[in-house]
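Undergrad: My structure file entry08.txt, compact mmCIF, C-alpha atoms, is below:
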```txt
# COMPACT_ATOMS: atom_id res chain seq x y z
CA MET A 1 0.00 0.00 0.00
CA GLN A 2 2.04 2.95 -1.28
CA THR A 3 -0.83 5.36 -1.84
CA ASP A 4 -3.68 6.07 0.47
CA PRO A 5 -6.42 7.91 -1.44
CA TYR A 6 -7.40 9.89 1.63
CA THR A 7 -3.96 10.82 2.78
CA GLY A 8 -2.02 10.93 -0.47
CA PRO A 9 1.40 9.30 -0.46
CA VAL A 10 1.99 7.34 2.69
CA PRO A 11 5.45 7.76 4.17
CA ALA A 12 6.94 4.34 3.73
CA ALA A 13 9.05 2.68 6.39
CA VAL A 14 11.31 1.22 3.70
CA SER A 15 13.69 3.56 1.87
CA SER A 16 12.32 5.27 -1.19
CA PRO A 17 13.63 7.89 -3.64
CA GLU A 18 11.82 10.60 -1.73
CA GLU A 19 13.22 9.54 1.63
CA GLU A 20 14.91 12.89 2.28
CA THR A 21 11.77 14.96 1.82
CA GLU A 22 9.67 12.40 3.69
CA ARG A 23 11.94 12.55 6.66
CA SER A 24 11.94 16.33 6.94
CA ALA A 25 8.14 16.33 6.66
CA TRP A 26 7.98 13.80 9.45
CA SER A 27 10.28 15.65 11.77
CA ASN A 28 8.27 18.79 11.15
CA HIS A 29 5.12 16.84 11.94
CA ARG A 30 6.69 15.48 15.13
CA THR A 31 7.75 18.94 16.20
CA ARG A 32 4.19 20.13 15.87
CA LEU A 33 2.94 17.15 17.86
CA LEU A 34 5.53 17.83 20.57
CA ILE A 35 4.48 21.48 20.81
CA LEU A 36 0.81 20.48 20.94
CA GLY A 37 1.59 17.88 23.62
CA GLY A 38 3.62 20.39 25.61
CA VAL A 39 0.80 22.93 25.56
CA ILE A 40 -1.70 20.30 26.77
CA ALA A 41 0.70 19.14 29.49
CA LEU A 42 1.21 22.72 30.68
CA ALA A 43 -2.55 23.29 30.73
CA VAL A 44 -3.09 20.13 32.81
CA ALA A 45 -0.24 21.11 35.16
CA TYR A 46 -1.75 24.57 35.59
CA MET A 47 -5.16 23.09 36.39
CA VAL A 48 -3.58 20.86 39.04
CA TYR A 49 -1.66 23.80 40.51
CA ALA A 50 -4.71 26.07 40.49
CA ALA A 51 -6.74 23.49 42.38
CA PHE A 52 -4.14 22.79 45.06
CA PRO A 53 -4.91 23.41 48.75
CA GLY A 54 -4.48 27.04 49.65
CA ASN A 55 -5.71 28.13 46.25
CA THR A 56 -9.07 26.42 46.33
CA LEU A 57 -10.81 24.44 49.01
CA TYR A 58 -14.01 22.45 48.67
CA PHE A 59 -15.00 23.51 52.18
CA VAL A 60 -13.64 25.19 55.32
CA THR A 61 -14.11 23.76 58.79
CA VAL A 62 -16.24 25.45 61.44
CA SER A 63 -13.22 26.71 63.43
CA GLU A 64 -11.55 28.03 60.24
CA PHE A 65 -14.77 29.87 59.45
CA VAL A 66 -15.20 31.29 62.94
CA ASP A 67 -11.54 32.39 63.14
CA ASP A 68 -11.43 34.12 59.75
CA PRO A 69 -13.49 37.37 59.62
CA LYS A 70 -12.69 37.67 55.89
CA LEU A 71 -15.16 34.84 55.29
CA HIS A 72 -17.98 36.74 57.01
CA ASP A 73 -18.53 39.27 54.20
CA GLY A 74 -21.47 37.42 52.70
CA GLN A 75 -19.49 35.43 50.10
CA THR A 76 -20.86 32.03 49.14
CA LEU A 77 -18.86 29.18 50.62
CA ARG A 78 -19.12 25.69 52.15
CA VAL A 79 -18.59 25.01 55.84
CA ALA A 80 -18.22 21.47 57.16
CA GLY A 81 -18.75 20.17 60.66
CA ALA A 82 -20.94 17.97 62.82
CA LEU A 83 -24.30 18.75 64.36
CA ALA A 84 -23.80 20.06 67.90
CA PRO A 85 -25.91 18.07 70.37
CA ASP A 86 -29.27 19.54 71.46
CA THR A 87 -29.04 22.55 69.17
CA PHE A 88 -31.51 21.48 66.46
CA ARG A 89 -34.82 23.40 66.59
CA ARG A 90 -37.70 23.41 64.16
CA GLU A 91 -41.23 24.51 64.94
CA ASP A 92 -44.13 22.24 64.07
CA GLY A 93 -45.45 22.86 60.57
CA SER A 94 -42.41 24.94 59.63
CA THR A 95 -39.59 24.14 57.22
CA LEU A 96 -37.22 26.61 58.92
CA SER A 97 -34.53 24.75 60.87
CA ARG A 98 -32.01 26.30 63.23
CA PHE A 99 -29.00 24.38 64.48
CA SER A 100 -25.30 24.71 65.33
CA LEU A 101 -22.30 22.97 63.86
CA GLY A 102 -18.99 22.23 65.58
CA ASP A 103 -15.79 20.70 64.23
CA LYS A 104 -16.23 17.04 63.31
CA GLN A 105 -14.08 14.63 65.25
CA ILE A 106 -11.96 12.40 63.03
CA ASP A 107 -13.29 8.82 62.89
CA VAL A 108 -15.52 9.35 65.91
CA PRO A 109 -19.15 10.51 65.89
CA GLY A 110 -19.95 13.96 67.23
CA ILE A 111 -18.15 17.28 67.56
CA THR A 112 -14.65 17.89 68.91
CA PRO A 113 -14.95 18.82 72.60
CA GLY A 114 -14.41 22.54 73.09
CA SER A 115 -14.54 23.39 69.38
CA PRO A 116 -16.16 26.69 68.40
CA GLN A 117 -19.72 26.49 67.14
CA MET A 118 -21.50 28.20 64.30
CA GLU A 119 -25.23 28.91 64.24
CA ALA A 120 -26.98 28.12 61.00
CA SER A 121 -30.44 28.36 59.51
CA TYR A 122 -31.95 26.36 56.67
CA VAL A 123 -35.30 26.30 54.94
CA GLY A 124 -36.21 23.03 53.28
CA VAL A 125 -36.14 19.27 53.51
CA LEU A 126 -33.24 17.80 55.46
CA PRO A 127 -31.17 14.98 53.91
CA ASP A 128 -31.91 11.48 55.23
CA LEU A 129 -28.59 11.11 57.03
CA PHE A 130 -28.61 14.59 58.59
CA PHE A 131 -29.14 13.28 62.13
CA ASN A 132 -26.80 10.30 61.80
CA PRO A 133 -23.97 10.83 64.30
CA HIS A 134 -21.41 9.48 61.78
CA SER A 135 -22.30 12.13 59.23
CA GLU A 136 -20.21 15.16 58.46
CA ILE A 137 -22.53 17.99 57.42
CA ILE A 138 -21.48 20.41 54.69
CA LEU A 139 -23.46 23.62 54.40
CA GLU A 140 -23.50 25.72 51.22
CA GLY A 141 -24.49 29.31 51.81
CA HIS A 142 -23.25 32.63 53.19
CA TYR A 143 -22.87 34.35 56.53
CA ASP A 144 -25.76 36.67 57.32
CA GLY A 145 -24.19 39.42 59.43
CA ARG A 146 -27.50 41.00 60.51
CA GLU A 147 -28.92 37.75 61.88
CA GLY A 148 -25.53 36.45 62.98
CA VAL A 149 -26.23 33.05 61.46
CA PHE A 150 -24.97 31.09 58.47
CA ALA A 151 -27.82 31.18 55.93
CA THR A 152 -27.75 27.77 54.27
CA ASP A 153 -28.86 27.23 50.67
CA ASN A 154 -27.96 23.53 50.42
CA ILE A 155 -27.05 20.80 52.87
CA LEU A 156 -24.72 17.99 51.82
CA VAL A 157 -23.93 14.97 53.97
CA LYS A 158 -20.51 13.34 53.89
CA CYS A 159 -20.41 9.75 55.13
CA PRO A 160 -17.52 7.80 56.60
CA SER A 161 -15.35 5.84 54.15
CA LYS A 162 -16.07 2.68 56.07
CA TYR A 163 -18.75 0.16 55.36
CA GLN A 164 -20.17 -2.09 58.02
CA SER A 165 -23.16 -4.37 58.08
CA ILE A 166 -26.15 -3.67 60.30
CA GLN A 167 -25.44 -6.93 62.08
CA ALA A 168 -21.98 -5.73 63.08
CA GLU A 169 -23.36 -2.48 64.41
CA ASN A 170 -22.38 -1.43 67.91
CA PRO A 171 -25.72 -0.63 69.58
CA ASP A 172 -24.23 1.81 72.11
CA LEU A 173 -22.56 3.82 69.38
CA MET A 174 -25.51 4.31 67.09
CA PRO A 175 -28.91 3.85 68.70
CA GLY A 176 -31.49 3.36 65.97
CA ALA A 177 -29.23 4.78 63.31
CA ALA A 178 -30.04 2.05 60.81
CA ALA A 179 -33.74 2.85 60.86
CA PRO A 180 -33.81 5.91 58.57
CA ALA A 181 -31.57 4.13 56.08
CA GLN A 182 -34.26 1.51 55.55
CA SER A 183 -36.45 4.02 53.77
CA TYR A 184 -34.60 3.87 50.43
CA MET B 1 -8.17 -11.06 4.40
CA ALA B 2 -7.00 -14.21 6.12
CA ALA B 3 -9.09 -13.44 9.18
CA ILE B 4 -12.28 -13.27 7.15
CA ALA B 5 -11.47 -16.29 5.01
CA GLY B 6 -10.75 -18.29 8.19
CA ARG B 7 -14.25 -19.69 8.39
CA GLY B 8 -14.50 -22.64 6.05
CA PRO B 9 -17.50 -23.02 3.73
CA THR B 10 -18.73 -26.11 5.60
CA ASP B 11 -18.61 -24.45 9.02
CA SER B 12 -21.90 -23.46 10.61
CA PRO B 13 -21.84 -20.14 12.50
CA ILE B 14 -22.49 -21.99 15.76
CA ARG B 15 -19.63 -24.40 15.25
CA SER B 16 -17.21 -21.62 14.40
CA SER B 17 -18.19 -19.58 17.45
CA LEU B 18 -17.62 -22.61 19.68
CA ARG B 19 -13.99 -22.52 18.56
CA ASP B 20 -13.68 -18.78 19.26
CA PRO B 21 -12.14 -18.03 22.67
CA ARG B 22 -14.13 -14.80 22.75
CA PHE B 23 -17.36 -16.83 22.80
CA TRP B 24 -16.23 -18.67 25.92
CA LEU B 25 -15.10 -15.43 27.52
CA LEU B 26 -18.61 -14.09 26.89
CA VAL B 27 -20.14 -17.18 28.52
CA ALA B 28 -17.81 -16.78 31.52
CA THR B 29 -18.68 -13.06 31.77
CA ALA B 30 -22.40 -13.82 31.78
CA ALA B 31 -22.00 -16.50 34.46
CA LEU B 32 -19.81 -14.27 36.65
CA THR B 33 -22.21 -11.34 36.29
CA ILE B 34 -25.24 -13.43 37.31
CA ILE B 35 -23.40 -14.84 40.35
CA ASP B 36 -22.20 -11.33 41.17
CA GLY B 37 -25.78 -10.06 41.10
CA TYR B 38 -26.77 -12.75 43.59
CA LEU B 39 -23.81 -11.86 45.84
CA ILE B 40 -24.58 -8.14 45.71
CA PHE B 41 -28.33 -8.30 46.29
CA VAL B 42 -28.70 -11.39 48.47
CA VAL B 43 -25.41 -12.29 50.17
CA ALA B 44 -23.91 -8.85 50.84
CA PRO B 45 -24.93 -7.39 54.21
CA THR B 46 -26.85 -4.11 54.35
CA ASP B 47 -24.67 -1.18 55.35
CA GLN B 48 -25.44 0.18 58.80
CA VAL B 49 -25.33 3.86 57.84
CA LEU B 50 -26.27 4.01 54.15
CA GLY B 51 -28.68 1.11 53.90
CA HIS B 52 -29.43 -0.70 50.65
CA ILE B 53 -28.12 2.07 48.38
CA GLN B 54 -24.60 1.12 49.47
CA ARG B 55 -24.88 -2.04 47.32
CA ILE B 56 -24.21 0.13 44.25
CA PHE B 57 -20.66 0.28 45.65
CA TYR B 58 -19.99 -3.24 44.23
CA ILE B 59 -20.68 -1.88 40.73
CA HIS B 60 -19.41 1.69 41.08
CA VAL B 61 -15.93 0.83 42.42
CA PRO B 62 -15.01 -2.03 40.00
CA ILE B 63 -16.11 -0.17 36.86
CA SER B 64 -14.22 2.92 38.01
CA ILE B 65 -11.05 0.87 38.48
CA LEU B 66 -11.49 -0.84 35.11
CA SER B 67 -11.94 2.50 33.36
CA PHE B 68 -8.47 3.33 34.75
CA LEU B 69 -7.21 0.04 33.29
CA GLY B 70 -8.76 0.95 29.93
CA PHE B 71 -6.94 4.27 29.85
CA LEU B 72 -3.69 2.56 30.94
CA VAL B 73 -4.01 0.14 28.00
CA CYS B 74 -4.82 3.09 25.73
CA ALA B 75 -1.73 5.02 26.87
CA VAL B 76 0.64 2.03 26.63
CA ALA B 77 -0.70 1.01 23.20
CA GLY B 78 -0.46 4.68 22.14
CA ILE B 79 3.24 4.68 23.06
CA GLY B 80 3.60 1.41 21.13
CA TYR B 81 1.91 2.95 18.11
CA LEU B 82 4.09 6.08 18.13
CA ILE B 83 7.25 3.95 18.31
CA ARG B 84 6.34 1.07 16.01
CA ARG B 85 3.56 2.58 13.87
CA GLY B 86 1.81 -0.79 13.81
CA GLU B 87 -1.90 -0.85 13.02
CA VAL B 88 -2.51 -3.38 15.80
CA TRP B 89 -1.21 -0.95 18.43
CA ASP B 90 -3.67 1.65 17.21
CA ARG B 91 -6.56 -0.82 17.19
CA VAL B 92 -5.86 -1.80 20.81
CA ALA B 93 -5.48 1.84 21.90
CA HIS B 94 -8.70 2.88 20.17
CA ALA B 95 -10.68 -0.09 21.55
CA ALA B 96 -9.31 0.47 25.08
CA ALA B 97 -10.26 4.16 24.95
CA GLU B 98 -13.79 3.31 23.82
CA VAL B 99 -14.28 0.68 26.54
CA GLY B 100 -12.68 3.04 29.09
CA VAL B 101 -15.11 5.84 28.14
CA VAL B 102 -18.07 3.43 28.52
CA PHE B 103 -16.83 2.37 31.96
CA VAL B 104 -16.07 5.87 33.22
CA THR B 105 -19.50 7.00 31.97
CA LEU B 106 -21.09 4.20 33.99
CA ALA B 107 -18.94 5.18 36.99
CA LEU B 108 -20.26 8.74 36.73
CA VAL B 109 -23.87 7.56 36.31
CA THR B 110 -23.75 5.12 39.24
CA GLY B 111 -22.00 7.82 41.29
CA VAL B 112 -24.79 10.31 40.55
CA ILE B 113 -27.43 7.72 41.54
CA TRP B 114 -25.55 7.00 44.77
CA ALA B 115 -24.90 10.66 45.60
CA ARG B 116 -28.52 11.83 45.54
CA PRO B 117 -29.85 9.80 48.51
CA VAL B 118 -26.62 9.95 50.52
CA TRP B 119 -25.10 13.39 49.96
CA GLY B 120 -28.41 15.05 49.13
CA VAL B 121 -27.31 16.29 45.69
CA TRP B 122 -26.93 14.63 42.30
CA TRP B 123 -23.66 16.42 41.58
CA THR B 124 -21.27 18.76 43.36
CA TRP B 125 -18.05 20.36 42.05
CA GLU B 126 -15.70 18.62 44.42
CA PRO B 127 -12.23 17.26 43.50
CA ARG B 128 -13.00 13.57 42.83
CA LEU B 129 -16.06 14.31 40.72
CA THR B 130 -14.45 17.19 38.84
CA THR B 131 -11.25 15.29 38.00
CA THR B 132 -13.32 12.29 36.88
CA LEU B 133 -15.40 14.50 34.60
CA ILE B 134 -12.14 15.90 33.17
CA LEU B 135 -10.99 12.30 32.59
CA TRP B 136 -14.23 11.62 30.71
CA LEU B 137 -13.74 14.76 28.61
CA ILE B 138 -10.11 13.86 27.80
CA TYR B 139 -10.99 10.44 26.42
CA VAL B 140 -14.10 11.68 24.63
CA ALA B 141 -11.70 14.17 23.01
CA TYR B 142 -9.45 11.19 22.17
CA LEU B 143 -12.33 9.58 20.27
CA MET B 144 -13.33 12.83 18.53
CA ILE B 145 -9.82 13.79 17.45
CA ARG B 146 -9.52 10.60 15.41
CA HIS B 147 -12.33 11.82 13.19
CA TYR B 148 -11.43 15.51 13.18
CA ALA B 149 -7.87 14.99 11.95
CA PRO B 150 -7.41 15.71 8.22
CA THR B 151 -6.09 12.23 7.53
CA ALA B 152 -6.66 8.87 9.23
CA GLN B 153 -2.93 8.58 9.88
CA GLN B 154 -2.76 11.96 11.62
CA GLY B 155 -5.84 11.00 13.61
CA ARG B 156 -4.07 7.92 14.91
CA ALA B 157 -0.93 9.82 15.90
CA TRP B 158 -2.74 12.80 17.46
CA SER B 159 -5.13 10.64 19.44
CA ALA B 160 -2.19 8.54 20.67
CA VAL B 161 -0.64 11.74 22.07
CA VAL B 162 -3.94 12.68 23.77
CA GLY B 163 -4.27 9.15 25.16
CA ILE B 164 -0.77 9.23 26.65
CA ILE B 165 -0.91 12.73 28.15
CA GLY B 166 -4.52 12.23 29.28
CA PHE B 167 -3.46 9.30 31.44
CA VAL B 168 -1.82 11.83 33.81
CA ASP B 169 -5.35 12.49 35.09
CA VAL B 170 -5.85 8.89 36.29
CA PRO B 171 -3.53 9.09 39.35
CA ILE B 172 -4.94 12.58 40.00
CA VAL B 173 -8.44 11.08 40.18
CA TYR B 174 -7.25 8.27 42.48
CA TYR B 175 -5.36 10.57 44.87
CA SER B 176 -7.82 13.48 44.66
CA VAL B 177 -9.59 12.34 47.84
CA GLN B 178 -6.24 12.49 49.68
CA TRP B 179 -4.80 15.66 48.21
CA TRP B 180 -7.87 17.85 48.56
CA ARG B 181 -10.80 18.21 50.88
CA SER B 182 -13.60 16.23 49.37
CA ILE B 183 -17.06 14.90 50.04
CA HIS B 184 -16.19 11.62 48.33
CA PRO B 185 -15.16 8.71 50.58
CA VAL B 186 -11.43 7.92 50.56
CA GLN B 187 -10.09 4.81 48.85
CA VAL B 188 -11.30 1.39 50.01
CA ILE B 189 -9.02 -0.45 47.59
CA GLY B 190 -5.46 0.06 46.34
CA PRO B 191 -2.28 1.47 47.90
CA GLU B 192 -3.98 4.19 49.98
CA ALA B 193 -6.87 2.14 51.35
CA ALA B 194 -7.37 1.71 55.09
CA ASP B 195 -7.15 -1.88 56.31
CA ASP B 196 -10.50 -1.79 58.07
CA ALA B 197 -12.43 0.14 55.42
CA LEU B 198 -14.50 -2.92 54.58
CA GLU B 199 -15.89 -5.83 56.48
CA PRO B 200 -14.26 -9.09 55.29
CA ILE B 201 -17.44 -10.34 53.58
CA MET B 202 -17.81 -6.99 51.77
CA ALA B 203 -14.17 -7.07 50.70
CA ARG B 204 -14.59 -10.58 49.28
CA ILE B 205 -17.70 -9.62 47.30
CA LEU B 206 -15.88 -6.51 46.03
CA VAL B 207 -13.01 -8.71 44.76
CA PHE B 208 -15.52 -11.03 43.06
CA SER B 209 -17.22 -8.03 41.46
CA LEU B 210 -13.83 -6.85 40.24
CA VAL B 211 -13.19 -10.22 38.59
CA ALA B 212 -16.63 -10.14 36.93
CA ALA B 213 -16.07 -6.58 35.71
CA LEU B 214 -12.60 -7.55 34.46
CA ALA B 215 -14.13 -10.40 32.43
CA LEU B 216 -16.65 -7.98 30.89
CA PHE B 217 -13.88 -5.46 30.21
CA SER B 218 -11.64 -8.08 28.56
CA TYR B 219 -14.48 -9.38 26.42
CA LEU B 220 -15.49 -5.92 25.21
CA LEU B 221 -11.86 -5.01 24.51
CA LEU B 222 -11.10 -8.18 22.50
CA GLU B 223 -14.38 -7.94 20.60
CA ARG B 224 -13.75 -4.30 19.72
CA VAL B 225 -10.15 -4.95 18.63
CA ALA B 226 -11.41 -7.72 16.32
CA LEU B 227 -14.16 -5.47 15.01
CA ARG B 228 -11.65 -2.71 14.33
CA GLY B 229 -9.59 -5.23 12.33
CA ALA B 230 -12.65 -6.12 10.25
CA GLU B 231 -13.49 -2.42 9.76
CA ASP B 232 -9.95 -1.73 8.54
CA ALA B 233 -10.14 -4.68 6.13
CA VAL B 234 -13.49 -3.45 4.76
CA SER B 235 -12.27 0.11 4.24
CA ALA B 236 -9.13 -1.20 2.50
CA ILE B 237 -11.32 -3.22 0.10
CA ARG B 238 -13.59 -0.22 -0.44
CA ARG B 239 -10.66 2.04 -1.30
CA GLN B 240 -9.28 -0.49 -3.78
CA GLY B 241 -12.68 -0.84 -5.39
CA THR B 242 -13.04 2.91 -5.81
CA TYR B 243 -9.57 3.87 -6.96
CA ASP B 244 -7.98 0.90 -8.73
```
Take the structure in the file and write it out as C-alpha cells.

TA:
Amino acid sequence: MQTDPYTGPVPAAVSSPEEETERSAWSNHRTRLLILGGVIALAVAYMVYAAFPGNTLYFVTVSEFVDDPKLHDGQTLRVAGALAPDTFRREDGSTLSRFSLGDKQIDVPGITPGSPQMEASYVGVLPDLFFNPHSEIILEGHYDGREGVFATDNILVKCPSKYQSIQAENPDLMPGAAAPAQSY
Amino acid sequence: MAAIAGRGPTDSPIRSSLRDPRFWLLVATAALTIIDGYLIFVVAPTDQVLGHIQRIFYIHVPISILSFLGFLVCAVAGIGYLIRRGEVWDRVAHAAAEVGVVFVTLALVTGVIWARPVWGVWWTWEPRLTTTLILWLIYVAYLMIRHYAPTAQQGRAWSAVVGIIGFVDVPIVYYSVQWWRSIHPVQVIGPEAADDALEPIMARILVFSLVAALALFSYLLLERVALRGAEDAVSAIRRQGTYD
C-alpha cells in the first residue's frame, strides 16, 4: 500500500527515492505534535496547581470559618462540621430549621470537645442522614451578618469511608441509626 | 483477508463460534455477572449507615477501576503505536479508549445515583467528581480527534498523544480524595486504602465483582479490537474498489 487515497502518499518505512523529503516532513510533523503535547501538558499542570490546597478548598471547617473574619462578608462558601448536640430546633409545621455545627471529630461521631460552634439556619427538607452521628454535614451558603447566622442554601452529607453491616453495628454507638436508612 | 477467510464453507456459524475463545469469555462473563448479582443483592450485608443504596458500591468501584485500566491500555498502546507505527497498536489503543469511556461514563452515572440519597445532591463540584469529569472529557476528546484529523494517519498519531498525556489524570483522580478536601469517601481499595475500610465479607464480594467486571472489560476489549480489524479490512477493500 504505497498510496492512500485519503492521505495521499503514505510515508513508507522502507527507503524510497523521496526519503529525504519524507523525513523532513515527518520531523516537522513530530515537532508540531511535541508542541501540541507540551501545551496540553502545561494546561493540565496549571489546572492541578490552580486546584491545590491554599488556592481552592471544597470547604472550610467550622473553626476556620469562625476564626477568619474575611469569610464573614457574605461570600458564598461551604462550611463542614458535625451537628452540635441539642441545638436542632424546628417549629411544628415549619420548614425553617435552626442548628449549630462544631468541628467534626476524626473517625468518631460527634463534635470535637471545646470546638467553636456556628449557628446556621436552613429552609427546606433535610437529607436522610442529617441526624446520623457518623455524618459530616457540609453547608453551602453565606454568613448573614444581621442575623448572625450562616444562611444555608444547600445541605450535603458526607459519610464515613467505612462500610459495616447492620449486624456488626455497635448498639451503644448508634442507637437506631439504621432505621432511617431503611427508607430507600 | 485471512481473518475473514478463516471460516470454512462447511462451518456453521455456531460451530465456528464454539472454537472462538471470545465466545467462551462471553459465557464466563455472563455467568460471573449473574453470580455477582446474587452476591450483591442477596449475600452482601446491608450497610449500617447508608442502607441498601450502598450495594451500588460493588458496581461503582469495580467499573471505576477498570476504566483506569482501559486508559492505561490506551496510553501504553499509544506509546507502542508512536514507536512502532503498527496498526494493531492503534486498534488496541482505540478499543481500550472506547471501553474506558463506557466504563467511566457508567462510573459517573452510578455515582450520581448513589450521591442523591446519601449526599443530598446529584452532583457537586468537588475534586474527585471534577477530575473524573475531566478524565471523561479527555478520552471523549481522544475519540473525537480521530475523526477531526485531516487524515486517518494523523488522527491515529494525534489521538495517541492525547491518550498518553490524558493518562496523567488517572492518578490525580485516584489521589484526589487524599490531596484535597472532598465529600467523596477515601479509597477502600489500592495502595492508599485503610485496612478496616471494609468488612471481610464486603471485601470478598468486592473482589468477586472486580473479577466479573474484568471479564466484561476483557471481552469488550477483545471484541472491539477484532471489530476494528474487520473495519480496517473493509475500508481497505472499499478504497481499492473505488480507486484501482

Undergrad: Nearest to chain B: which of A:Tyr122, A:Pro116, A:Leu42, A:Gln75 is it, counting all atoms listed in the file?

TA: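 Distance minimum relative to chain B lands on A:Leu42.
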
Undergrad: Please compute the atom CA of Thr76 of chain A-atom CA of His142 of chain A distance, one decimal, in Å.

TA: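 That distance, rounded to one decimal, is 4.7 Å.
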
Undergrad: I'd like to know which of B:Ile138, B:Tyr148, B:Arg128, B:His184 is closest to Ile172 of chain B, using only C-alpha atoms.

TA: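 Ranking B:Ile138, B:Tyr148, B:Arg128, B:His184 by distance to Ile172 of chain B, first place goes to B:Arg128.
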
Undergrad: Just give me the gap between atom CA of Gly148 of chain A and atom CA of Arg90 of chain A in Å, one decimal is fine.

TA: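 Distance reported for this atom pair: 17.9 Å.
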
Undergrad: Need to verify the contact set: Val66 of chain A, 9 Å, all atoms listed in the file, exclusion of same-chain residues closer than 6 positions in sequence. Can you return it as a PyMOL selection string?

TA: chain A and resi 72+116-118

Undergrad: Select all residues from chain B having any atom no more than 6 Å from an atom of chain A (counting all atoms listed in the file, ignoring ligands), output as a ChimeraX atom specification.

TA: /B:45-51,119-120,126,151,181,183,185-186,197-199

Undergrad: Mind writing the picked residues with C-alpha atoms as a compact mmCIF listing (two decimals), in the coordinates of the input?

TA:
```
# COMPACT_ATOMS: atom_id res chain seq x y z
CA PRO B 45 -24.93 -7.39 54.21
CA THR B 46 -26.85 -4.11 54.35
CA ASP B 47 -24.67 -1.18 55.35
CA GLN B 48 -25.44 0.18 58.80
CA VAL B 49 -25.33 3.86 57.84
CA LEU B 50 -26.27 4.01 54.15
CA GLY B 51 -28.68 1.11 53.90
CA TRP B 119 -25.10 13.39 49.96
CA GLY B 120 -28.41 15.05 49.13
CA GLU B 126 -15.70 18.62 44.42
CA THR B 151 -6.09 12.23 7.53
CA ARG B 181 -10.80 18.21 50.88
CA ILE B 183 -17.06 14.90 50.04
CA PRO B 185 -15.16 8.71 50.58
CA VAL B 186 -11.43 7.92 50.56
CA ALA B 197 -12.43 0.14 55.42
CA LEU B 198 -14.50 -2.92 54.58
CA GLU B 199 -15.89 -5.83 56.48
```

Undergrad: For Gly141 of chain A, which of A:Asp73, A:Ala43, A:Ser94, A:Tyr49 is the closest residue, counting all atoms listed in the file?

TA: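 Nearest candidate to Gly141 of chain A out of A:Asp73, A:Ala43, A:Ser94, A:Tyr49: A:Asp73.
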
Undergrad: Kindly give the distance, in Å, that separates atom CA of Ile40 of chain B and atom CA of Ile205 of chain B, rounded to a single decimal.

TA: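 Straight-line distance from atom CA of Ile40 of chain B to atom CA of Ile205 of chain B works out to 7.2 Å.
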
Undergrad: Can you sort out the box for segment 27-45 of chain B, edges along x, y and z, all listed atoms in, 3 Å on every side, with centre and edge lengths in Å to one decimal, as JSON?

TA:
```
{"center_x": -23.3, "center_y": -12.3, "center_z": 41.4, "size_x": 16.9, "size_y": 15.8, "size_z": 31.7}
```

Undergrad: When you look at Val207 of chain B with a cut-off of 9 Å (counting only C-alpha atoms), what residues show up, excluding the ones that are within fewer than 5 positions of it in the same chain? I need them as a list in words.

TA: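 These residues fall inside the cut-off: Tyr58, Pro62, Met202 and Ala212 of chain B.
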
Undergrad: Under the rule that all atoms listed in the file are counted, which of B:Ala141, B:Val76, B:Ile65, B:Ile189 is the nearest residue to Val92 of chain B?

TA: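 Using all atoms listed in the file, the shortest distance to Val92 of chain B belongs to B:Val76.
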
Undergrad: Near Gly78 of chain B, counting all atoms listed in the file, which residues have an atom at most 9 Å away, once you skip same-chain residues fewer than 3 positions from it, shown as a list of chain:residue names?

TA: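 Neighbouring residues, sequence-local ones excluded: B:Val73, B:Cys74, B:Ala75, B:Tyr81, B:Leu82, B:Ile83, B:Trp89, B:Asp90, B:Val92, B:Ala93, B:His94, B:Arg156, B:Ala157, B:Ser159, B:Ala160, B:Val161, B:Val162, B:Gly163, B:Ile164.
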